[in-house]
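A.B. asks: File name data00.txt; file contents compact mmCIF, C-alpha atoms; full text below.
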# COMPACT_ATOMS: atom_id res chain seq x y z
CA MET D 1 134.50 121.05 110.77
CA SER D 2 137.32 118.98 112.20
CA ALA D 3 138.66 116.42 109.77
CA PRO D 4 141.95 115.16 111.16
CA ASN D 5 141.81 112.10 108.92
CA ALA D 6 141.97 114.23 105.82
CA ILE D 7 145.13 115.92 107.08
CA ASN D 8 146.84 112.96 108.69
CA PRO D 9 146.69 109.80 106.58
CA PRO D 10 145.79 106.65 108.53
CA ALA D 11 148.71 105.07 110.33
CA GLU D 12 150.17 101.94 108.79
CA THR D 13 148.18 98.89 109.82
CA SER D 14 149.46 95.37 109.31
CA SER D 15 147.50 93.12 106.96
CA GLY D 16 147.24 90.58 109.77
CA ARG D 17 145.39 93.06 111.99
CA MET D 18 143.02 94.04 109.18
CA ILE D 19 142.24 90.38 108.45
CA LEU D 20 141.78 89.70 112.15
CA VAL D 21 139.36 92.61 112.60
CA MET D 22 137.37 91.75 109.48
CA GLY D 23 137.25 88.11 110.58
CA ALA D 24 136.03 89.11 114.03
CA VAL D 25 133.33 91.38 112.56
CA GLY D 26 132.28 88.56 110.23
CA LEU D 27 132.16 86.04 113.06
CA ALA D 28 130.09 88.34 115.27
CA ALA D 29 127.75 89.04 112.33
CA SER D 30 127.26 85.33 111.66
CA LEU D 31 126.53 84.61 115.32
CA LEU D 32 123.95 87.40 115.44
CA LEU D 33 122.31 86.18 112.24
CA VAL D 34 122.18 82.55 113.32
CA GLY D 35 120.69 83.60 116.67
CA THR D 36 118.03 85.79 115.03
CA TYR D 37 117.25 83.09 112.47
CA ARG D 38 116.78 80.44 115.15
CA LEU D 39 114.57 82.74 117.19
CA THR D 40 112.36 83.84 114.32
CA ALA D 41 112.28 80.67 112.14
CA PRO D 42 109.38 78.95 113.97
CA ARG D 43 107.26 82.12 113.80
CA ILE D 44 108.08 82.69 110.12
CA ALA D 45 107.23 79.06 109.29
CA ALA D 46 103.94 79.39 111.21
CA ASN D 47 103.11 82.64 109.37
CA ARG D 48 103.82 81.00 106.01
CA ALA D 49 101.76 77.94 106.88
CA ALA D 50 98.85 80.13 108.08
CA TYR D 51 99.05 82.22 104.91
CA LEU D 52 99.05 79.11 102.70
CA GLN D 53 96.19 77.58 104.67
CA ALA D 54 94.12 80.78 104.36
CA SER D 55 94.85 80.89 100.62
CA LEU D 56 93.89 77.22 100.20
CA SER D 57 90.62 77.72 102.09
CA SER D 58 89.82 80.80 100.00
CA VAL D 59 89.89 78.82 96.74
CA VAL D 60 88.42 75.49 97.90
CA ASP D 61 85.26 75.74 99.97
CA GLY D 62 84.50 73.25 102.71
CA ALA D 63 87.77 71.30 102.86
CA ASP D 64 88.97 70.44 106.34
CA ARG D 65 92.37 69.21 105.23
CA PHE D 66 94.66 69.43 102.24
CA VAL D 67 97.21 66.95 100.92
CA ALA D 68 100.03 68.39 98.80
CA LEU D 69 100.93 66.16 95.85
CA ILE D 70 102.76 66.46 92.57
CA PRO D 71 102.17 64.33 89.48
CA GLY D 72 104.86 61.65 89.03
CA GLU D 73 105.50 59.12 86.27
CA ALA D 74 103.31 56.39 87.70
CA GLY D 75 101.18 58.19 90.24
CA TRP D 76 100.78 61.14 92.55
CA VAL D 77 103.76 61.59 94.84
CA SER D 78 104.03 63.61 98.02
CA GLY D 79 104.66 67.30 97.51
CA GLU D 80 105.09 68.13 101.20
CA ASP D 81 108.83 68.65 100.92
CA VAL D 82 108.73 70.12 97.42
CA PRO D 83 109.39 73.86 97.20
CA GLY D 84 106.29 75.81 96.20
CA GLY D 85 105.48 76.35 92.55
CA SER D 86 103.84 73.29 91.04
CA ARG D 87 102.01 71.53 93.84
CA VAL D 88 98.43 70.32 93.66
CA PHE D 89 96.58 70.40 96.98
CA PHE D 90 93.75 67.88 97.21
CA GLY D 91 91.13 69.21 99.61
CA TYR D 92 89.08 66.71 101.59
CA ALA D 93 86.06 67.02 103.82
CA GLN D 94 86.08 63.84 105.91
CA ASP D 95 87.20 61.35 103.26
CA SER D 96 85.58 62.84 100.19
CA LEU D 97 87.38 65.07 97.74
CA VAL D 98 85.78 68.53 97.61
CA GLY D 99 88.25 70.31 95.35
CA LEU D 100 91.79 70.96 94.27
CA ALA D 101 93.98 73.98 94.83
CA VAL D 102 96.74 74.31 92.26
CA GLU D 103 99.88 76.45 92.35
CA ALA D 104 100.84 78.19 89.13
CA ALA D 105 103.12 81.05 88.10
CA GLY D 106 103.94 83.19 85.10
CA GLN D 107 105.38 86.50 83.98
CA GLY D 108 103.40 89.58 84.99
CA TYR D 109 103.93 93.24 84.11
CA GLN D 110 106.63 93.77 86.76
CA ASP D 111 107.78 90.32 87.83
CA ILE D 112 106.66 86.72 88.20
CA ILE D 113 103.10 86.38 89.53
CA ARG D 114 102.40 83.30 91.68
CA ILE D 115 98.79 82.27 92.04
CA LEU D 116 96.72 79.52 93.60
CA TYR D 117 93.52 78.47 91.85
CA GLY D 118 90.74 76.19 92.96
CA PHE D 119 89.62 73.43 90.60
CA ASP D 120 86.40 71.42 90.67
CA VAL D 121 86.94 67.97 89.17
CA THR D 122 83.24 67.38 88.53
CA CYS D 123 82.51 70.47 86.46
CA GLY D 124 86.04 70.77 85.05
CA CYS D 125 86.24 74.39 86.01
CA VAL D 126 88.27 76.84 88.01
CA VAL D 127 86.30 77.81 91.11
CA GLY D 128 88.51 80.42 92.74
CA MET D 129 91.79 82.27 92.36
CA THR D 130 94.03 84.06 94.77
CA VAL D 131 97.37 85.78 94.17
CA LEU D 132 100.14 84.38 96.37
CA GLU D 133 102.89 86.75 95.23
CA SER D 134 102.95 89.67 92.85
CA LYS D 135 104.82 92.93 92.38
CA GLU D 136 102.26 94.41 89.97
CA THR D 137 101.85 98.19 89.92
CA PRO D 138 100.06 99.44 93.04
CA GLY D 139 96.70 100.94 92.10
CA LEU D 140 96.62 99.31 88.66
CA GLY D 141 98.06 95.82 88.18
CA ASP D 142 97.51 94.86 91.79
CA LYS D 143 93.76 94.98 91.12
CA ILE D 144 94.16 91.32 90.05
CA GLU D 145 94.22 90.65 93.79
CA LYS D 146 91.14 92.60 94.83
CA ASP D 147 88.94 93.74 91.90
CA PRO D 148 85.60 92.02 92.67
CA VAL D 149 84.46 91.86 89.02
CA PHE D 150 87.78 90.33 87.94
CA LEU D 151 87.79 87.82 90.78
CA ALA D 152 84.17 86.89 89.97
CA ASN D 153 85.50 85.46 86.67
CA PHE D 154 87.04 82.63 88.64
CA LYS D 155 83.91 81.55 90.49
CA ARG D 156 83.15 79.24 87.59
CA LEU D 157 85.64 79.39 84.73
CA VAL D 158 85.26 76.40 82.42
CA VAL D 159 88.59 74.88 81.35
CA ARG D 160 87.31 71.48 80.20
CA GLN D 161 84.38 70.90 77.90
CA GLU D 162 83.26 67.54 76.60
CA GLY D 163 86.48 66.00 77.87
CA GLU D 164 88.75 68.42 76.02
CA PRO D 165 90.79 71.25 77.55
CA VAL D 166 89.54 74.76 76.81
CA SER D 167 91.90 77.72 77.06
CA PRO D 168 90.61 80.74 78.98
CA VAL D 169 90.36 83.88 76.84
CA LEU D 170 90.64 87.48 78.04
CA VAL D 171 87.89 89.81 76.77
CA PRO D 172 87.37 93.54 77.35
CA ARG D 173 85.41 94.45 80.50
CA GLY D 174 81.70 93.73 80.08
CA GLN D 175 82.01 91.56 76.97
CA LYS D 176 82.16 88.15 78.64
CA THR D 177 79.55 85.85 77.12
CA GLN D 178 81.14 82.39 77.48
CA ASP D 179 82.06 80.41 80.58
CA TRP D 180 85.72 80.26 79.53
CA GLU D 181 86.08 84.00 78.99
CA ILE D 182 87.64 86.36 81.52
CA ASP D 183 86.51 89.99 81.92
CA ALA D 184 89.67 92.13 81.86
CA ILE D 185 90.47 94.94 84.30
CA SER D 186 90.40 98.36 82.61
CA GLY D 187 93.87 99.89 82.92
CA ALA D 188 95.48 96.61 83.93
CA THR D 189 95.19 94.59 80.74
CA VAL D 190 98.75 93.23 80.95
CA SER D 191 98.22 91.88 84.48
CA SER D 192 94.79 90.47 83.53
CA GLN D 193 96.37 88.83 80.48
CA ALA D 194 99.14 87.43 82.70
CA ILE D 195 96.59 85.67 84.92
CA THR D 196 94.79 84.36 81.82
CA ASP D 197 98.09 83.06 80.41
CA ILE D 198 99.08 81.44 83.70
CA LEU D 199 95.77 79.54 83.78
CA ALA D 200 95.98 78.67 80.08
CA ALA D 201 99.45 77.21 80.66
CA SER D 202 98.65 75.37 83.89
CA THR D 203 95.20 73.83 83.38
CA PRO D 204 96.04 71.48 80.45
CA GLY D 205 98.84 69.91 82.52
CA LEU D 206 96.49 69.46 85.47
CA LEU D 207 93.77 67.91 83.30
CA ASP D 208 96.34 65.60 81.71
CA ALA D 209 97.69 64.54 85.12
CA LEU D 210 94.16 63.87 86.42
CA GLU D 211 93.30 61.83 83.32
CA ARG D 212 96.58 59.92 83.37
CA LEU D 213 96.87 59.29 87.10
CA GLY D 214 93.27 59.54 88.27
CA GLN D 215 92.47 60.84 91.70
CA PRO D 216 94.71 59.79 94.58
CA ALA D 217 93.28 57.65 97.34
CA PRO D 218 91.96 59.77 100.22
CA PRO D 219 94.37 60.11 103.14
CA VAL D 220 94.13 57.21 105.54
CA ASP D 221 94.24 59.22 108.75
CA SER D 222 91.27 61.45 109.38
CA PRO D 223 91.74 64.92 110.94
CA ALA D 224 90.34 63.64 114.23
CA GLU D 225 93.17 61.11 114.44
CA ASP D 226 95.75 63.83 113.77
CA THR D 227 95.03 65.57 117.00
CA PRO D 228 96.92 64.08 119.94
CA MET X 1 129.00 117.58 108.89
CA SER X 2 130.58 116.40 112.16
CA PRO X 3 129.28 118.61 114.95
CA ALA X 4 131.37 120.17 117.65
CA ALA X 5 131.98 117.78 120.53
CA SER X 6 130.47 120.33 122.91
CA GLU X 7 127.07 120.24 121.21
CA PRO X 8 124.42 119.06 123.70
CA ALA X 9 122.96 115.59 123.11
CA THR X 10 119.47 117.05 122.69
CA THR X 11 120.73 119.19 119.81
CA VAL X 12 122.40 116.14 118.27
CA PHE X 13 119.00 114.41 118.44
CA SER X 14 116.91 117.29 117.12
CA ARG X 15 119.19 117.97 114.13
CA GLY X 16 118.03 114.75 112.47
CA LEU X 17 114.42 115.62 113.07
CA TRP X 18 114.45 119.02 111.44
CA LYS X 19 117.61 121.02 110.65
CA ASP X 20 119.47 118.08 109.02
CA ASN X 21 116.41 115.98 108.20
CA PRO X 22 117.76 113.13 106.03
CA VAL X 23 114.88 113.33 103.53
CA PHE X 24 113.86 116.99 103.38
CA VAL X 25 117.27 118.62 103.86
CA GLN X 26 119.96 116.09 102.97
CA VAL X 27 117.72 114.45 100.30
CA LEU X 28 119.22 111.03 101.05
CA GLY X 29 117.66 107.57 100.90
CA MET X 30 115.38 108.52 98.00
CA CYS X 31 114.96 104.91 96.82
CA PRO X 32 112.67 103.81 99.70
CA VAL X 33 111.19 107.32 100.01
CA LEU X 34 109.86 107.11 96.47
CA ALA X 35 109.20 103.39 96.26
CA VAL X 36 107.41 102.26 99.41
CA THR X 37 105.43 105.33 100.45
CA ASN X 38 102.26 104.27 98.61
CA THR X 39 100.67 103.39 101.97
CA VAL X 40 101.16 104.68 105.52
CA MET X 41 101.76 101.18 106.89
CA ASN X 42 104.53 100.43 104.38
CA SER X 43 106.13 103.82 105.14
CA LEU X 44 105.93 103.28 108.90
CA VAL X 45 107.46 99.80 108.76
CA MET X 46 110.23 100.99 106.43
CA GLY X 47 110.90 103.96 108.74
CA LEU X 48 111.06 101.74 111.84
CA ALA X 49 113.25 99.13 110.12
CA THR X 50 115.66 101.84 108.92
CA SER X 51 115.72 103.42 112.40
CA PHE X 52 116.48 100.04 113.98
CA VAL X 53 119.40 99.51 111.59
CA LEU X 54 120.61 103.10 112.15
CA VAL X 55 120.61 102.79 115.94
CA ALA X 56 122.03 99.26 116.13
CA SER X 57 124.83 99.99 113.66
CA ALA X 58 125.58 103.30 115.40
CA ILE X 59 126.15 101.44 118.68
CA ILE X 60 128.48 98.86 117.16
CA VAL X 61 130.37 101.33 114.96
CA SER X 62 130.85 103.70 117.89
CA LEU X 63 131.96 100.92 120.25
CA SER X 64 134.47 99.59 117.74
CA ARG X 65 135.69 102.95 116.46
CA ARG X 66 139.14 102.54 118.04
CA VAL X 67 139.46 98.88 117.00
CA ILE X 68 138.55 98.91 113.30
CA PRO X 69 141.50 100.06 111.15
CA LYS X 70 140.64 102.99 108.85
CA GLN X 71 141.57 100.97 105.77
CA VAL X 72 138.82 98.38 106.31
CA ARG X 73 136.24 100.60 107.99
CA ILE X 74 133.80 100.87 105.06
CA ALA X 75 133.84 97.11 104.47
CA SER X 76 133.30 96.55 108.20
CA TYR X 77 130.47 99.09 108.38
CA ILE X 78 128.71 97.50 105.41
CA LEU X 79 129.01 94.08 107.05
CA ILE X 80 127.62 95.44 110.32
CA ILE X 81 124.76 97.25 108.54
CA ALA X 82 123.94 94.21 106.36
CA THR X 83 123.74 92.05 109.50
CA PHE X 84 121.19 94.33 111.13
CA VAL X 85 119.22 94.65 107.88
CA THR X 86 118.99 90.86 107.63
CA MET X 87 117.88 90.73 111.27
CA ALA X 88 115.21 93.36 110.52
CA ASP X 89 114.13 91.28 107.51
CA TYR X 90 113.66 88.16 109.67
CA ILE X 91 111.81 90.15 112.35
CA ILE X 92 109.40 91.71 109.83
CA GLN X 93 108.70 88.25 108.36
CA ALA X 94 108.00 86.96 111.85
CA VAL X 95 105.67 89.86 112.66
CA SER X 96 103.73 90.13 109.41
CA LEU X 97 104.27 88.25 106.19
CA GLU X 98 101.85 90.62 104.45
CA ILE X 99 103.94 93.70 105.20
CA HIS X 100 107.08 91.80 104.22
CA ARG X 101 105.47 90.98 100.87
CA ALA X 102 104.45 94.61 100.37
CA LEU X 103 107.94 95.95 101.06
CA GLY X 104 109.60 93.28 98.95
CA ALA X 105 113.21 93.94 97.98
CA PHE X 106 113.27 97.35 99.65
CA ILE X 107 114.03 95.82 103.06
CA SER X 108 117.26 94.30 101.74
CA LEU X 109 118.05 97.59 100.02
CA ILE X 110 118.26 99.35 103.42
CA VAL X 111 121.88 98.08 103.32
CA VAL X 112 122.69 100.60 100.61
CA ASN X 113 120.64 103.44 102.12
CA CYS X 114 123.25 106.17 102.25
CA ILE X 115 121.74 107.70 105.41
CA ILE X 116 123.01 104.71 107.41
CA LEU X 117 126.51 104.44 105.97
CA GLY X 118 126.69 108.26 106.01
CA ARG X 119 125.93 108.48 109.74
CA ALA X 120 128.29 105.59 110.53
CA GLU X 121 131.15 107.28 108.68
CA ALA X 122 130.40 110.90 109.57
CA PHE X 123 129.23 110.57 113.17
CA SER X 124 129.30 107.19 114.94
CA SER X 125 132.91 106.43 113.98
CA ARG X 126 134.00 109.71 115.66
CA ASN X 127 131.71 109.97 118.68
CA PRO X 128 130.99 108.07 121.90
CA VAL X 129 128.10 105.62 122.08
CA PHE X 130 125.49 107.85 123.75
CA ARG X 131 125.91 110.72 121.30
CA SER X 132 125.95 108.26 118.37
CA VAL X 133 122.70 106.73 119.56
CA MET X 134 121.11 110.18 119.97
CA ASP X 135 122.19 111.06 116.43
CA ALA X 136 120.88 107.75 115.04
CA VAL X 137 117.55 108.07 116.87
CA GLY X 138 117.16 111.65 115.61
CA MET X 139 117.99 110.69 112.03
CA GLY X 140 115.75 107.60 112.22
CA ALA X 141 112.87 109.64 113.63
CA GLY X 142 113.40 112.35 110.99
CA PHE X 143 113.40 109.72 108.23
CA THR X 144 110.31 107.98 109.64
CA VAL X 145 108.35 111.22 110.04
CA ALA X 146 109.25 112.25 106.49
CA ILE X 147 108.24 109.02 104.80
CA VAL X 148 105.08 108.66 106.89
CA ALA X 149 104.16 112.21 105.78
CA LEU X 150 104.63 111.13 102.16
CA GLY X 151 102.72 107.91 102.80
CA THR X 152 99.85 109.79 104.43
CA ILE X 153 99.37 112.17 101.49
CA ARG X 154 99.76 109.43 98.89
CA GLU X 155 97.41 106.97 100.62
CA LEU X 156 94.79 109.62 101.39
CA LEU X 157 94.67 110.93 97.83
CA GLY X 158 95.55 107.70 96.02
CA SER X 159 93.29 105.31 97.88
CA GLY X 160 91.04 107.51 100.02
CA THR X 161 92.20 105.66 103.13
CA TRP X 162 94.62 106.12 106.06
CA MET X 163 96.22 102.96 107.48
CA GLY X 164 93.62 101.09 105.43
CA LEU X 165 90.66 102.88 107.06
CA PRO X 166 88.29 104.71 104.70
CA VAL X 167 88.48 108.49 105.15
CA PHE X 168 86.60 110.15 102.32
CA GLY X 169 83.73 107.69 101.90
CA PRO X 170 82.62 105.67 98.88
CA SER X 171 81.97 108.71 96.64
CA PHE X 172 85.67 109.64 96.61
CA GLU X 173 87.40 108.99 93.30
CA PRO X 174 91.03 107.98 94.08
CA TRP X 175 93.84 109.84 92.29
CA VAL X 176 95.54 106.80 90.82
CA VAL X 177 98.69 108.80 90.01
CA MET X 178 99.34 109.17 93.74
CA VAL X 179 99.99 105.46 94.24
CA LEU X 180 102.15 105.29 91.10
CA PRO X 181 105.86 106.24 91.16
CA GLY X 182 105.05 109.60 89.58
CA GLY X 183 102.88 110.54 92.55
CA ALA X 184 105.84 110.01 94.88
CA PHE X 185 107.87 112.57 92.91
CA PHE X 186 105.01 115.10 92.98
CA VAL X 187 104.46 114.75 96.73
CA LEU X 188 108.18 114.79 97.54
CA GLY X 189 108.64 117.92 95.41
CA LEU X 190 105.74 119.68 97.12
CA LEU X 191 106.96 118.73 100.60
CA LEU X 192 110.51 119.91 99.77
CA LEU X 193 109.02 123.21 98.59
CA LEU X 194 106.98 123.51 101.78
CA VAL X 195 109.96 122.72 104.04
CA ASN X 196 112.10 125.27 102.21
CA LEU X 197 109.35 127.89 102.45
CA ILE X 198 109.13 127.33 106.19
CA GLY X 199 112.81 128.11 106.25
CA VAL X 200 114.99 125.16 107.03
CA GLU X 201 118.65 126.19 106.86
CA LYS X 202 120.45 124.26 104.20
Give the structure from this file in structure tokens form.
C.D. replies:
Amino acid sequence: MSAPNAINPPAETSSGRMILVMGAVGLAASLLLVGTYRLTAPRIAANRAAYLQASLSSVVDGADRFVALIPGEAGWVSGEDVPGGSRVFFGYAQDSLVGLAVEAAGQGYQDIIRILYGFDVTCGCVVGMTVLESKETPGLGDKIEKDPVFLANFKRLVVRQEGEPVSPVLVPRGQKTQDWEIDAISGATVSSQAITDILAASTPGLLDALERLGQPAPPVDSPAEDTP
Amino acid sequence: MSPAASEPATTVFSRGLWKDNPVFVQVLGMCPVLAVTNTVMNSLVMGLATSFVLVASAIIVSLSRRVIPKQVRIASYILIIATFVTMADYIIQAVSLEIHRALGAFISLIVVNCIILGRAEAFSSRNPVFRSVMDAVGMGAGFTVAIVALGTIRELLGSGTWMGLPVFGPSFEPWVVMVLPGGAFFVLGLLLLLVNLIGVEK
């Protein structure tokens, strides 16, 4: 093993040279990063848009376009440039509203879970749920993303009854008897509870916004006019 | 650790694959080895990303070995490695958002994978470019083979699938422990035992 550096200490180097070399390495690093970012940014944005679109379509059936809005003081305002987290996507088929997809988030077992749920204004119920981001335990908590029985809870989960908000309640697997109850996942109770809590925290705000602001006017331009 | 300069390039390459395998012999980079090997795809992408960073940083470190003063070499190496890790992060996001989501923070953590800084300090900073690349490719391949082996065993037993394709049929009851962190320790321990039984020189 030859280790000349251990025997001979490094020669004296001026601070100026060290700063110069570090600066040059830093500059080269920034140029490489900017170049890679510029090359990959369009593809990353397209991937994110495709992922969001697929998620939206999975929770709202039949919509051919979605408009992202957030509730404001006096009305719905555009949520297109708002970072994800609290947007409400109104899904339209032609000019008629077919459903809403709502972003929501809350603490899971490992980290924050971000979900998107579909909401039917007519029946006042959740009609679909998909997990946008989660770090739940593989094999256990991540069943909230794929367990068919658990996901079936969200085909028609009542969150409004006789005009009043109803909080979803988690029940042990197989004991669901009411439309607002959610069948838990055995072995992943904390993650199941997290989804229940996220919905319980998000739906009253949505119902309040819909009651206060009503439904927004359908978008003026139809999808056919969007295409050049 | 630094080999004799006369060692043929093929030997430099093959050391990383077997004799000095970073996972089974040096037992380095355990954080991704234990954390992301729950599926073969995650393991493969992590192995390729780490190999990319190893090779790219080996080239730059070797090229600049006479320019970077010894006093600031570690800071410079970390900066070089972090740059390539960030590039790998962007590239993975551009290729598949789903895999990027599955790997999560572990892509960024490649920066602190001691295999990479270890090879930069012990080999690339003292050897010409070609030999450094051979060493990095060997170490990257050794790391990738090792974590894909772990991923294969864990996915087969923990999910009954390989690369997402069903292997054992619907009657198979998955061993949940295999996809949990504990399963990674069991499989790593068994593989280390196996490699030592076969007779890798320490």
A.B. asks: If we count all atoms listed in the file, which residues of chain D reach to within 10 Å of chain X? Please list them as a ChimeraX atom specification.
C.D. replies: /D:1-3,5,9-15,17-26,28-48,50-51,132-135,137-140
A.B. asks: Just C-alpha atoms for this one: save the residues we selected as a short mmCIF file (atom, residue, chain, number, x, y, z; two decimals), keeping the file's coordinate frame.
C.D. replies:
data_model
loop_
_atom_site.label_atom_id
_atom_site.label_comp_id
_atom_site.auth_asym_id
_atom_site.auth_seq_id
_atom_site.Cartn_x
_atom_site.Cartn_y
_atom_site.Cartn_z
CA MET D 1 134.50 121.05 110.77
CA SER D 2 137.32 118.98 112.20
CA ALA D 3 138.66 116.42 109.77
CA ASN D 5 141.81 112.10 108.92
CA PRO D 9 146.69 109.80 106.58
CA PRO D 10 145.79 106.65 108.53
CA ALA D 11 148.71 105.07 110.33
CA GLU D 12 150.17 101.94 108.79
CA THR D 13 148.18 98.89 109.82
CA SER D 14 149.46 95.37 109.31
CA SER D 15 147.50 93.12 106.96
CA ARG D 17 145.39 93.06 111.99
CA MET D 18 143.02 94.04 109.18
CA ILE D 19 142.24 90.38 108.45
CA LEU D 20 141.78 89.70 112.15
CA VAL D 21 139.36 92.61 112.60
CA MET D 22 137.37 91.75 109.48
CA GLY D 23 137.25 88.11 110.58
CA ALA D 24 136.03 89.11 114.03
CA VAL D 25 133.33 91.38 112.56
CA GLY D 26 132.28 88.56 110.23
CA ALA D 28 130.09 88.34 115.27
CA ALA D 29 127.75 89.04 112.33
CA SER D 30 127.26 85.33 111.66
CA LEU D 31 126.53 84.61 115.32
CA LEU D 32 123.95 87.40 115.44
CA LEU D 33 122.31 86.18 112.24
CA VAL D 34 122.18 82.55 113.32
CA GLY D 35 120.69 83.60 116.67
CA THR D 36 118.03 85.79 115.03
CA TYR D 37 117.25 83.09 112.47
CA ARG D 38 116.78 80.44 115.15
CA LEU D 39 114.57 82.74 117.19
CA THR D 40 112.36 83.84 114.32
CA ALA D 41 112.28 80.67 112.14
CA PRO D 42 109.38 78.95 113.97
CA ARG D 43 107.26 82.12 113.80
CA ILE D 44 108.08 82.69 110.12
CA ALA D 45 107.23 79.06 109.29
CA ALA D 46 103.94 79.39 111.21
CA ASN D 47 103.11 82.64 109.37
CA ARG D 48 103.82 81.00 106.01
CA ALA D 50 98.85 80.13 108.08
CA TYR D 51 99.05 82.22 104.91
CA LEU D 132 100.14 84.38 96.37
CA GLU D 133 102.89 86.75 95.23
CA SER D 134 102.95 89.67 92.85
CA LYS D 135 104.82 92.93 92.38
CA THR D 137 101.85 98.19 89.92
CA PRO D 138 100.06 99.44 93.04
CA GLY D 139 96.70 100.94 92.10
CA LEU D 140 96.62 99.31 88.66
#
A.B. asks: If you count all atoms listed in the file, which residues fall within 6 Å of Ile70 (chain D), apart from same-chain ones fewer than 4 positions away, as an mmCIF file with C-alpha atoms, in the coordinates of the input?
C.D. replies:
data_model
loop_
_atom_site.group_PDB
_atom_site.id
_atom_site.type_symbol
_atom_site.label_atom_id
_atom_site.label_comp_id
_atom_site.auth_asym_id
_atom_site.auth_seq_id
_atom_site.Cartn_x
_atom_site.Cartn_y
_atom_site.Cartn_z
ATOM 1 C CA TRP D 76 100.780 61.140 92.550
ATOM 2 C CA VAL D 77 103.760 61.590 94.840
ATOM 3 C CA GLY D 79 104.660 67.300 97.510
ATOM 4 C CA ARG D 87 102.010 71.530 93.840
ATOM 5 C CA VAL D 88 98.430 70.320 93.660
#
A.B. asks: Find the spatial neighbours of region 146-155 of chain D, counting all atoms listed in the file, within a cut-off of 9 Å - ignore same-chain residues fewer than 4 positions away - and output them as a ChimeraX atom specification.
C.D. replies: /D:117-118,125-130,142,173,179-185,192
A.B. asks: Any chance you can output those residues with C-alpha atoms as a JSON list (two decimals), in the frame of the given file?
C.D. replies:
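Just written: selection_18.json:
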[["chain", "number", "residue", "atom", "x", "y", "z"],
["D", 117, "TYR", "CA", 93.52, 78.47, 91.85],
["D", 118, "GLY", "CA", 90.74, 76.19, 92.96],
["D", 125, "CYS", "CA", 86.24, 74.39, 86.01],
["D", 126, "VAL", "CA", 88.27, 76.84, 88.01],
["D", 127, "VAL", "CA", 86.30, 77.81, 91.11],
["D", 128, "GLY", "CA", 88.51, 80.42, 92.74],
["D", 129, "MET", "CA", 91.79, 82.27, 92.36],
["D", 130, "THR", "CA", 94.03, 84.06, 94.77],
["D", 142, "ASP", "CA", 97.51, 94.86, 91.79],
["D", 173, "ARG", "CA", 85.41, 94.45, 80.50],
["D", 179, "ASP", "CA", 82.06, 80.41, 80.58],
["D", 180, "TRP", "CA", 85.72, 80.26, 79.53],
["D", 181, "GLU", "CA", 86.08, 84.00, 78.99],
["D", 182, "ILE", "CA", 87.64, 86.36, 81.52],
["D", 183, "ASP", "CA", 86.51, 89.99, 81.92],
["D", 184, "ALA", "CA", 89.67, 92.13, 81.86],
["D", 185, "ILE", "CA", 90.47, 94.94, 84.30],
["D", 192, "SER", "CA", 94.79, 90.47, 83.53]]
A.B. asks: Using Å and a single decimal, report how far CA of Ala120 (chain X) sits from CA of Ala58 (chain X).
C.D. replies: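 Separation between CA of Ala58 (chain X) and CA of Ala120 (chain X): 6.0 Å.
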A.B. asks: If I take CA of Ser202 (chain D) and CA of Pro165 (chain D), how far is one from the other in Å, to one decimal?
C.D. replies: 10.9 Å
A.B. asks: As an exercise, work out the distance from CA of Glu155 (chain X) to CA of Glu136 (chain D) in Å and give it to one decimal place.
C.D. replies: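 Rounded to one decimal, the two atoms are 17.2 Å apart.
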A.B. asks: Determine the nearest neighbour of Gln110 (chain D) from the options D:Leu69, D:Leu56, D:Gly141, D:Ala200, counting only C-alpha atoms.
C.D. replies: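 Answer, going by the shortest atom-to-atom distance: D:Gly141.
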A.B. asks: Can you tell me, as a list of chain:residue names, what residues are no more than 7 Å from region 24-29 of chain X when counting only C-alpha atoms, ignoring any on the same chain fewer than 5 positions away?
C.D. replies: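 Skipping anything fewer than 5 positions along the chain leaves X:Asn113, X:Cys114, X:Ile115, X:Leu192, X:Val195, X:Lys202.
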A.B. asks: What's around Leu44 (chain X) at 9 Å? Count only C-alpha atoms, leave out sequence neighbours fewer than 5 positions away in its own chain, and write the answer as an NGL selection string.
C.D. replies: :X and (37 or 39 or 49 or 144-145 or 147-148 or 151)
A.B. asks: For each of X:Val23, X:Ala9, X:Ile99, X:Trp18, take the minimum atom-to-atom distance to Ile198 (chain X), counting only C-alpha atoms, then give the residue where this is smallest.
C.D. replies: X:Trp18
